[in-house]
Structure formats: structure tokens, C-alpha cells
Amino acid sequence: MSRLGAGVEYQPDVKRITGEGGVIARVAEQSLGEHIGLQPGDIIVAIDGQRLRDVIDYRFAIAEERVTLLIRTATGDEREITIDKDPDDDLGIEFTEPLFDRLRTCNNKCPFCFLTQMPKGFRKTLYLKDDDYRLSFLYANFVTFTNLTEADWERIERQRLSPLHISVHATDPFWRAIMLGKRDVPDVREQIRRLGKMGIRVHTQIVACPQVNDGEVLRQSIEDLIALHPIVESIAVVPVGLTKFRFEGKAPKTIRAAIQIHETPEWIDTNWERQPLWEDPTATIPLQSGSQPLHNPEMGFCSRLGAVTDIPLRCYTPVEAAAVIDMIEPYQRRCYDQLGLHLVYASDEFYLLAGRPIPPAEVYDDMPQYSNGVGMVRDFLDTWMRARRRLPARIARPTQLALVCGTLIAPVMEQIASRLNRIENLTVRVVPVVNQFFGETVTVSGLLTAQDVIPALRASGCDRALLPRVMFDYTGERSIDDHSPAQISLAAGMPVAVAGEATELVRYIQALARSDQV
């Protein structure tokens, strides 16, 4: 996970990655899997003699007319089952985790890494520096492509793992090395060209830091990535997000200090792979074309960079956010004229921070980076405009409803509340929760904690609440501080429900109109 954005990316539960094969979580009724006697807890070790590394291997291996499964039952017994089937038929099973072998971890030291901004005490999976290209293919997780082996490249080509999602941050190797906090950075442009020769398409993101990789560095990155279309199918520019924490509460003020957090003994102990220190005197870094040597080559990496890494690490101001938008929008018009799509997008956060109107839906093309917080607000507003026609004129009994959200999206939610307050017996209050836990600079709904939401609900004067779906994990069961909706309801002393889309909000209001038992 590389940034603070719309929500939390999918993260595997490493306790359930055993290296023994795919552990079955569910078997659908009347499925082929049920017919051959598969049970939850059974492990598919291999298919046709091929050991399975992940659900991708499973999907490829199962797509044959005849397959032989090596099954290890929950009691430890092994058996082989040969079945004849249509190549398109699946077994009707779900696995506990998509990865069956070791999770690929991150070998970078990004100064804006969210994981180094977490205090101790959360569940262990939130501290894992995952950078696994398989999760990029399966769940659109952004990865850096800095830890691939030649075998990985061969597998990507053989299994046609497309599209992939790459965190670029800067196309210039010098600046990308700074953004990734490491010296041996491959040229991402060459990597993308190699993927293109394989027939693989990519979506890219740039996490922009003020006065670091924005300005002319950002302009070059956008130009380089546009030139790589159609291999590059989208370019998202998103603002850096910073909490008040670093590991054990450290709050580095510069790029250099933030990178060096990754090198502390406490942080290294939480990860599987010890990484070389920046001050390694053998460190080298590719220079910009035409650049002069960086200080004394006998000195360490950070020292050779000197003032470059002493740039303050901070969030964007509204004026700076507007400048990023002003840079991107001409590229959108150029790309649309030349390519028929806008291709490069500023995230919703930039528009909300700058106080600019959210662009119309057509600017986001087919919403290729929706889950990255690009076009999400526009989609919500357009869906709301259609769904609100189904709102009731009145509800069954007087109700005061809290719409909980982060402070950034609050002005948008006020528009929603204004319409809802025209419904008889319904009073809606927007409750923008100040993120006391991570700090007031964290304004997105996706990083709200229950410990901030609960007191805000108690003080709201409301008797019901709707919570944003993005403040919970991908299962919808846990907030980032491990509270379920039911636990929040109990602690706040009011019924709560969860809504992620405008249609869910409208259905909730419709239910209030039919009954007070929601």
C-alpha cells in the first residue's frame, strides 16, 4: 500500500498462506466441487502434477477437459481425483486466500509509505509491505515492479497477466530513485515497453509530493507515459497523504528522514526482508540525462544527494492542488483530440482540496482508476441524481440521521443532506469526523477509525447513522482499528448501517419509510 486514498487496498492474511496449496473456504451447492466431494478446509495441492502457487495457477490449470487434482483433506489424507468436464467449467469453490505461497514483499523505502505512518497496536497485516504483481493483476493493487525476477517476467508473458497496475511516481530514474528511496531502480519506461511487447497493458499512478516530483518532473512523467500509449491505458495523479505518525510516533520533516525510517531496527523487524541502508558507501544511482555528478562519490547515497532529499515532506495546499489540475487538464484535451480518450486524470482529492467543481463523467472515460479515487465522487453524484427520484415523500416516524464522512467530502455530502431534509419526518445531519487518530491532515473517509467515529456520533444528537463503506476492509467487517459496524453501533448507542453508493443510501431511506426496524 503506497498512499492514503479512497480506501485500503486488498491485503492477504499471511496466517492463511501456508505454502501447501489452495485452502478451500467454500464449495457452492450443486457445483462440480460438491459432486466430487470437496469440503471447506481441503487443500488443492496440485493439478495435473503442477503445484499451485496461487489462484491464477488454479484458473489456468483447471481450464482443461480432463484434470487430475491432488487433494489433501482437512484430516491430512491425500487423494487424487480425475474428472472430465467442459474446459470453461470451474469447480465452484472459493479459496481462503488468493495466494498460496509466500507473499511478495516490498523492497522500497518510499518516503510517503503509509505503513511507516502507523502507530503500533493494529493487526499485523496492516504493517506488511506488500508489492506483489499477482495482486496487481487480481485486485488492481499498485506495485512498483522493482522486485521482479526473470521468472516473474516469463510468467507474466505466459499467463497473459493483463492489465497490471504500476506505481510510477516519476519516469526520470533519478527522481524515481528518490521517490522509491533506493538506488538500484530499473527504468520504468523500459519495463512498460517490455510489457507492451508481451501484449500486456498497464494502468499507472503517480503519487505527487509538493516540490519533489510535481512541477517539471510531473510534466516529464506525464509526457513519457502518454508516449507509451496504448500500452499505458491510464495515468492517475494523486496527492501524497501524511499522518501525524511515523513508526513509533516519529514524524520526519524531510524526504531523507522519512526514507531512513525504513532503516530503523524496529521497522526492519516488522518485515521479512532486511534492506541495504541508504548510507551504504557502495550505493550508486542513475543520473538524469545531462546531470552533473552528485557530490563526492565516496560518500553515502543520502549524503551525495545533499539538499535534494532535505525537501520538506508535507501535504498540498489548495493553491498547489489547483496548479496540478491546471497542468493536467490541457493534457486531457490534447489526448482526447489525438487519441479519443483523456488518458491522464487528477484524483478527486485534488479537486476537492482546490475547491474546484468535479469534472463531468465523460472526462473520466470508462473510469479506469475508480478504485484509486479517480472519478468516484462524480460517479456518486451522477448516481445520486438518478436514484433520488425514488426517495419517499415521508418516512414512518421522526428520525434524526447522521451521515458520517471524512472532512474532505463533507461539502458534497451537504448537497445530499439538503435534498434528504425535504422528506417529512427526516432530519439529516452531515457528521464530518475530524481524524484525531491519524491527524487532521488525513481527511478521507477511507481512513476513519471507530475511535473517532463513536464520540462524533454520540455528540451528533442523532438516533441513527449511516457509515461510509470505505472505512471498512474489503469484507465490510472491520474498520482499520478492528471494529465491526455492530460494535460501533453498540458503543455509539444507536443503530448504524453501511452505505457505499448512492443507491444504497436511497434503499436505506426507503426502508425507513416502510418501517422503523432498519
# chains A, B, ... in the order shown; residues from 1 in each chain; ligands from 1
$ residues_around --residues "Ala459 in chain A" --least-positions-apart "5" --cutoff "12 Å" --atoms "only C-alpha atoms" --output "list in words"
Ala402, Arg429, Val431, Pro432, Val433, Asp452, Val453, Ile454, Ala492, Gly493 and Met494 of chain A
$ select_by_dssp --residues "range 56-220 of chain A" --states "helix (DSSP H, G or I)" --output "number ranges by chain"
A: 56-62, 114-117, 124-127, 133-139, 150-159, 173-180, 188-197, 215-220
$ closest_residue --among "A:Glu501, A:Asp184, A:Asp77, A:Asp482" --to "Phe380 in chain A" --atoms "only C-alpha atoms"
A:Glu501
$ closest_residue --among "A:Ile409, A:Ala361, A:Ala170, A:Ile178" --to "Leu225 in chain A" --atoms "only C-alpha atoms"
A:Ala170
$ residues_around --residues "His35 in chain A" --least-positions-apart "4" --cutoff "12 Å" --atoms "only C-alpha atoms" --output "NGL selection string"
:A and (27-31 or 39 or 81 or 83 or 91-93)
$ write_last_selection --atoms "N, CA and C atoms" --output "compact mmCIF listing (two decimals), in the first residue's frame"
# COMPACT_ATOMS: atom_id res chain seq x y z
N VAL A 27 -17.62 -24.26 -0.84
CA VAL A 27 -17.96 -25.07 -2.00
C VAL A 27 -19.42 -24.78 -2.33
N ALA A 28 -19.68 -24.31 -3.54
CA ALA A 28 -21.04 -23.95 -3.93
C ALA A 28 -21.93 -25.19 -4.02
N GLU A 29 -23.18 -25.01 -3.64
CA GLU A 29 -24.14 -26.11 -3.74
C GLU A 29 -24.35 -26.50 -5.21
N GLN A 30 -24.48 -27.79 -5.44
CA GLN A 30 -24.74 -28.35 -6.77
C GLN A 30 -23.61 -28.04 -7.75
N SER A 31 -22.44 -27.76 -7.24
CA SER A 31 -21.29 -27.48 -8.09
C SER A 31 -20.53 -28.77 -8.37
N GLN A 39 -14.55 -30.36 0.36
CA GLN A 39 -15.08 -29.78 1.59
C GLN A 39 -14.26 -28.55 1.98
N ILE A 81 -8.04 -37.15 -7.67
CA ILE A 81 -9.35 -37.24 -8.32
C ILE A 81 -9.18 -36.78 -9.76
N ILE A 83 -11.20 -35.87 -13.22
CA ILE A 83 -12.55 -35.53 -13.68
C ILE A 83 -12.51 -35.09 -15.13
N LEU A 91 -14.78 -25.47 -10.64
CA LEU A 91 -15.21 -26.42 -9.62
C LEU A 91 -16.26 -25.84 -8.68
N GLY A 92 -16.47 -24.51 -8.76
CA GLY A 92 -17.44 -23.90 -7.85
C GLY A 92 -16.92 -23.75 -6.44
N ILE A 93 -15.63 -23.45 -6.32
CA ILE A 93 -15.02 -23.31 -4.99
C ILE A 93 -14.42 -21.92 -4.83
$ decode --residues "range 221-235 of chain A" --atoms "all heavy atoms" --output "short mmCIF file (atom, residue, chain, number, x, y, z; two decimals), in the first residue's frame"
data_model
loop_
_atom_site.label_atom_id
_atom_site.label_comp_id
_atom_site.auth_asym_id
_atom_site.auth_seq_id
_atom_site.Cartn_x
_atom_site.Cartn_y
_atom_site.Cartn_z
N SER A 221 7.00 13.19 -16.57
CA SER A 221 6.40 11.88 -16.34
C SER A 221 5.14 11.71 -17.18
O SER A 221 4.93 10.65 -17.80
CB SER A 221 6.08 11.70 -14.85
OG SER A 221 7.26 11.72 -14.07
N ILE A 222 4.30 12.72 -17.20
CA ILE A 222 3.07 12.64 -17.99
C ILE A 222 3.40 12.51 -19.47
O ILE A 222 2.81 11.68 -20.19
CB ILE A 222 2.18 13.88 -17.72
CG1 ILE A 222 1.66 13.85 -16.28
CG2 ILE A 222 1.02 13.93 -18.72
CD1 ILE A 222 0.92 15.11 -15.86
N GLU A 223 4.34 13.32 -19.94
CA GLU A 223 4.73 13.25 -21.36
C GLU A 223 5.25 11.86 -21.71
O GLU A 223 4.88 11.27 -22.74
CB GLU A 223 5.80 14.30 -21.66
CG GLU A 223 5.33 15.74 -21.59
CD GLU A 223 4.74 16.23 -22.91
OE1 GLU A 223 4.61 15.41 -23.85
OE2 GLU A 223 4.41 17.43 -22.99
N ASP A 224 6.12 11.32 -20.86
CA ASP A 224 6.70 10.00 -21.13
C ASP A 224 5.62 8.92 -21.16
O ASP A 224 5.65 8.02 -22.01
CB ASP A 224 7.74 9.65 -20.07
CG ASP A 224 9.02 10.45 -20.20
OD1 ASP A 224 9.22 11.06 -21.27
OD2 ASP A 224 9.82 10.46 -19.24
N LEU A 225 4.67 8.98 -20.24
CA LEU A 225 3.64 7.94 -20.17
C LEU A 225 2.63 8.07 -21.30
O LEU A 225 2.14 7.06 -21.83
CB LEU A 225 2.94 7.99 -18.80
CG LEU A 225 3.84 7.61 -17.62
CD1 LEU A 225 3.12 7.86 -16.29
CD2 LEU A 225 4.29 6.15 -17.71
N ILE A 226 2.32 9.30 -21.70
CA ILE A 226 1.44 9.48 -22.86
C ILE A 226 2.09 8.87 -24.09
O ILE A 226 1.42 8.21 -24.91
CB ILE A 226 1.14 10.98 -23.09
CG1 ILE A 226 0.22 11.52 -21.99
CG2 ILE A 226 0.49 11.19 -24.47
CD1 ILE A 226 -0.01 13.02 -22.06
N ALA A 227 3.39 9.04 -24.23
CA ALA A 227 4.11 8.48 -25.38
C ALA A 227 4.07 6.96 -25.38
O ALA A 227 4.28 6.34 -26.43
CB ALA A 227 5.55 8.98 -25.39
N LEU A 228 3.78 6.35 -24.24
CA LEU A 228 3.73 4.89 -24.14
C LEU A 228 2.32 4.34 -24.33
O LEU A 228 2.10 3.14 -24.20
CB LEU A 228 4.28 4.44 -22.78
CG LEU A 228 5.80 4.63 -22.62
CD1 LEU A 228 6.22 4.43 -21.17
CD2 LEU A 228 6.56 3.67 -23.53
N HIS A 229 1.36 5.19 -24.63
CA HIS A 229 0.03 4.71 -25.01
C HIS A 229 0.15 4.04 -26.39
O HIS A 229 0.91 4.51 -27.22
CB HIS A 229 -0.96 5.89 -25.09
CG HIS A 229 -2.33 5.50 -25.54
ND1 HIS A 229 -3.23 4.88 -24.72
CD2 HIS A 229 -2.93 5.62 -26.76
CE1 HIS A 229 -4.35 4.65 -25.40
NE2 HIS A 229 -4.19 5.09 -26.62
N PRO A 230 -0.53 2.92 -26.66
CA PRO A 230 -1.63 2.33 -25.92
C PRO A 230 -1.23 1.30 -24.87
O PRO A 230 -2.11 0.70 -24.25
CB PRO A 230 -2.45 1.66 -27.02
CG PRO A 230 -1.42 1.23 -28.01
CD PRO A 230 -0.38 2.32 -28.01
N ILE A 231 0.08 1.05 -24.69
CA ILE A 231 0.46 0.16 -23.58
C ILE A 231 -0.07 0.73 -22.28
O ILE A 231 -0.69 0.02 -21.48
CB ILE A 231 1.99 -0.01 -23.50
CG1 ILE A 231 2.58 -0.40 -24.85
CG2 ILE A 231 2.36 -1.05 -22.44
CD1 ILE A 231 4.10 -0.32 -24.89
N VAL A 232 0.16 2.01 -22.06
CA VAL A 232 -0.39 2.70 -20.89
C VAL A 232 -1.83 3.09 -21.19
O VAL A 232 -2.09 3.87 -22.11
CB VAL A 232 0.45 3.95 -20.55
CG1 VAL A 232 -0.23 4.78 -19.48
CG2 VAL A 232 1.84 3.54 -20.09
N GLU A 233 -2.75 2.56 -20.42
CA GLU A 233 -4.17 2.81 -20.64
C GLU A 233 -4.72 3.92 -19.76
O GLU A 233 -5.80 4.44 -20.05
CB GLU A 233 -4.97 1.53 -20.43
CG GLU A 233 -4.65 0.45 -21.46
CD GLU A 233 -5.60 -0.72 -21.39
OE1 GLU A 233 -6.11 -1.01 -20.29
OE2 GLU A 233 -5.82 -1.36 -22.44
N SER A 234 -4.02 4.29 -18.70
CA SER A 234 -4.46 5.40 -17.87
C SER A 234 -3.31 5.87 -17.00
O SER A 234 -2.38 5.12 -16.69
CB SER A 234 -5.65 5.01 -16.98
OG SER A 234 -5.28 4.07 -16.01
N ILE A 235 -3.37 7.17 -16.63
CA ILE A 235 -2.37 7.80 -15.77
C ILE A 235 -3.13 8.58 -14.70
O ILE A 235 -3.85 9.53 -15.02
CB ILE A 235 -1.48 8.78 -16.56
CG1 ILE A 235 -0.88 8.11 -17.81
CG2 ILE A 235 -0.40 9.37 -15.66
CD1 ILE A 235 -0.41 9.11 -18.86
#
